[in-house]
Each structure stands twice: as structure tokens, then as C-alpha cells.
Amino acid sequence: MSSSRVKQVASADFPTRWGHFLIHGFASRDGGKTEEAVALVMGDVQSGSPLVRIHSQCLTGDVFGSLRCDCRQQLEMALSMIAAEGAGVLIYEQQEGRGIGLMAKLQAYALQDSGLDTVEANQRLGFKADQREFRMPAEILKALGIRQVRLLSNNPDKVASLENAGIRVTERVPCEVPPTEYTQDYLKTKQEKLGHLFTHRNTEH
């Protein structure tokens, strides 16, 4: 994806309960497919190495407070940490269910109810364990004039994707949510099958 295919289509003032952001809307065309994402930006992000979170849309967690994942807690943790520093970026992209889409994600939930883990369920439906590529967030960061970041993530694939796209990751900052009875197996699968990194082995039963 070339940066010319990522267009900033809107910018607006965006007060939130975490503090004051600017919200920027971006759209990209890759072949016949259009993808949209927003970037919430606080403070000076063009000097130094700002705190950045790339968050994939999760309707079930972010909106409805699902206990099957830790997405909403990670989203709120990231916004709190950016607000505490007074500067940073949260990119929210439409990559529901690790990129498989909402309806397929719900089908994966049903397979998980019958005993499969999240990776097995995605693969049973004919998808990769994680369909995301994180190319668009890298182009958004470049459009915002950002070339190096401290990435708020437990996912080494996000670090590698940004580095490959020319964004230097100076530090990976953990974004860890304590497990619950509902998320223990989910987090264990992230660690063992997707290579997510946790500073405490808090995914053990």
C-alpha cells in the first residue's frame, strides 16, 4: 500500500472522558477494497517517540462490554496512558475479529462454545489465525509526520509490521489486562499460539 492511497478525509475536535483529542479520519483503497480508520491524537506527537496504540475494532468488547475478550479494557488502558503522558496516538481500524469480520467472528464464537480455541475456530472457518497486516496504520503514522513510536502492544507481529513499513519502534510498552475466568483460555491461546508477550505469566490457571 503506498502512502498516496491513504487519504485524510476529516479532522475534528474530540473531547473525551480521558481528555482532549483531535480525531482524524482516514480512508485507503487497496485494489477494489476500501478501508477506513480513525486516529485520536493528543499533544505533540511529532517530536520524540510518542506512545501509540493500534486497536482493531471489536464491536462485542468495545461497545457491549463482552467478557470473552480484553479489547475494551485494552482500549481504555491505552487512552488513559496517552492522557497521562499528555501526548500520543490511538489508531482504531476496522479489523473486527483479527480481520475476519463480524459475522465470521460470531461463527467463530459458536465454534469456541463447542470447545475450539480462537485460533482453531478461525482456521476451521478457512481463515488464518490472524488476518491482519497493519499496513494502513503505518501509513497513517507517516501521514501524521510520525516516524518512530513507543508501541503499546503485547503483539510482536505489530512491532514487525511497523518496522517493515518504515516506522521505528523504539520500545514495546505492555498493554496487559489481568485475566478473568472468561479470558484465561483466550489469553493463553494468544500467548502460546500467536506469540503474544506477557511480562507476568498471568495466563496460567
# chains A, B, ... in the order shown; residues from 1 in each chain; ligands from 1
>>> select_by_dssp(residues="stretch 18-183 of chain A", states="helix (DSSP H, G or I)", output="PyMOL selection string")
chain A and resi 59-63+71-85+96-99+102-113+118-124+135-143+156-164
>>> residues_around(residues="A:Gln131", least_positions_apart="3", cutoff="9 Å", atoms="only C-alpha atoms", output="list in words")
Gln95, Gly97, Arg98, Gly99, Ile100, Phe127 and Lys128 of chain A
>>> select_by_dssp(residues="stretch 41-130 of chain A", states="strand (DSSP E)", output="number ranges by chain")
A: 41-42, 51-56, 88-93
>>> residues_around(residues="stretch 159-174 of chain A", least_positions_apart="2", cutoff="6 Å", atoms="only C-alpha atoms", output="VMD selection string")
chain A and resid 138 147 to 154 156 to 157 176
>>> write_last_selection(atoms="N, CA and C atoms", output="PDB file, in the first residue's frame")
ATOM      1  N   ALA A 138       0.551   2.053   9.620  1.00  0.00           N
ATOM      2  CA  ALA A 138       1.886   2.594   9.350  1.00  0.00           C
ATOM      3  C   ALA A 138       1.792   3.808   8.438  1.00  0.00           C
ATOM      4  N   ARG A 147       7.585   9.098  12.643  1.00  0.00           N
ATOM      5  CA  ARG A 147       8.488   8.093  12.070  1.00  0.00           C
ATOM      6  C   ARG A 147       9.007   7.117  13.110  1.00  0.00           C
ATOM      7  N   GLN A 148       8.812   7.429  14.390  1.00  0.00           N
ATOM      8  CA  GLN A 148       9.219   6.473  15.420  1.00  0.00           C
ATOM      9  C   GLN A 148       8.222   6.533  16.566  1.00  0.00           C
ATOM     10  N   VAL A 149       8.000   5.386  17.199  1.00  0.00           N
ATOM     11  CA  VAL A 149       6.948   5.286  18.215  1.00  0.00           C
ATOM     12  C   VAL A 149       7.385   4.375  19.357  1.00  0.00           C
ATOM     13  N   ARG A 150       6.721   4.550  20.490  1.00  0.00           N
ATOM     14  CA  ARG A 150       6.707   3.534  21.539  1.00  0.00           C
ATOM     15  C   ARG A 150       5.356   2.850  21.387  1.00  0.00           C
ATOM     16  N   LEU A 151       5.377   1.583  21.027  1.00  0.00           N
ATOM     17  CA  LEU A 151       4.144   0.894  20.661  1.00  0.00           C
ATOM     18  C   LEU A 151       3.537   0.186  21.865  1.00  0.00           C
ATOM     19  N   LEU A 152       2.296   0.547  22.148  1.00  0.00           N
ATOM     20  CA  LEU A 152       1.554  -0.037  23.263  1.00  0.00           C
ATOM     21  C   LEU A 152       0.888  -1.318  22.776  1.00  0.00           C
ATOM     22  N   SER A 153       1.548  -2.458  23.008  1.00  0.00           N
ATOM     23  CA  SER A 153       1.062  -3.718  22.442  1.00  0.00           C
ATOM     24  C   SER A 153       1.740  -4.906  23.104  1.00  0.00           C
ATOM     25  N   ASN A 154       1.030  -6.047  23.099  1.00  0.00           N
ATOM     26  CA  ASN A 154       1.630  -7.316  23.522  1.00  0.00           C
ATOM     27  C   ASN A 154       1.979  -8.184  22.314  1.00  0.00           C
ATOM     28  N   PRO A 156       4.024  -9.077  19.057  1.00  0.00           N
ATOM     29  CA  PRO A 156       5.267  -8.814  18.312  1.00  0.00           C
ATOM     30  C   PRO A 156       5.049  -8.651  16.814  1.00  0.00           C
ATOM     31  N   ASP A 157       3.943  -9.201  16.265  1.00  0.00           N
ATOM     32  CA  ASP A 157       3.654  -9.023  14.835  1.00  0.00           C
ATOM     33  C   ASP A 157       3.395  -7.556  14.500  1.00  0.00           C
ATOM     34  N   GLU A 176      -1.329  -4.883  29.188  1.00  0.00           N
ATOM     35  CA  GLU A 176      -1.805  -6.131  29.783  1.00  0.00           C
ATOM     36  C   GLU A 176      -2.974  -5.906  30.725  1.00  0.00           C
TER      37      GLU A 176
END
>>> residues_around(residues="stretch 29-45 of chain A", least_positions_apart="6", cutoff="6 Å", atoms="only C-alpha atoms", output="PyMOL selection string")
chain A and resi 5+21-23+86-93
>>> write_last_selection(atoms="C-alpha atoms", output="PDB file, in the first residue's frame")
ATOM      1  CA  ARG A   5      -3.619   5.547  -1.263  1.00  0.00           C
ATOM      2  CA  PHE A  21      -8.005  14.783  21.364  1.00  0.00           C
ATOM      3  CA  LEU A  22      -8.187  15.624  17.684  1.00  0.00           C
ATOM      4  CA  ILE A  23      -9.905  12.900  15.651  1.00  0.00           C
ATOM      5  CA  GLY A  86      -0.339  14.323  27.571  1.00  0.00           C
ATOM      6  CA  ALA A  87       0.606  13.100  24.103  1.00  0.00           C
ATOM      7  CA  GLY A  88       0.094  10.068  21.885  1.00  0.00           C
ATOM      8  CA  VAL A  89      -1.966   8.438  19.165  1.00  0.00           C
ATOM      9  CA  LEU A  90      -4.631   5.765  19.169  1.00  0.00           C
ATOM     10  CA  ILE A  91      -5.393   4.318  15.729  1.00  0.00           C
ATOM     11  CA  TYR A  92      -8.715   2.479  15.588  1.00  0.00           C
ATOM     12  CA  GLU A  93      -9.086   0.383  12.471  1.00  0.00           C
TER      13      GLU A  93
END
>>> closest_residue(among="A:Gln73, A:Pro50, A:Ala104, A:Ile140", to="A:Gln123", atoms="only C-alpha atoms")
A:Ala104
>>> closest_residue(among="A:Cys69, A:Leu51, A:Ala143, A:Met136", to="A:Tyr109", atoms="only C-alpha atoms")
A:Cys69
>>> residues_around(residues="A:Arg17", least_positions_apart="6", cutoff="12 Å", atoms="only C-alpha atoms", output="PDB file with C-alpha atoms, in the first residue's frame")
ATOM      1  CA  GLU A  76      -9.422   2.251  27.840  1.00  0.00           C
ATOM      2  CA  LEU A  79      -6.406   6.120  26.218  1.00  0.00           C
ATOM      3  CA  SER A  80      -5.608   6.541  29.932  1.00  0.00           C
ATOM      4  CA  ALA A  83      -3.768  11.055  28.516  1.00  0.00           C
TER       5      ALA A  83
END
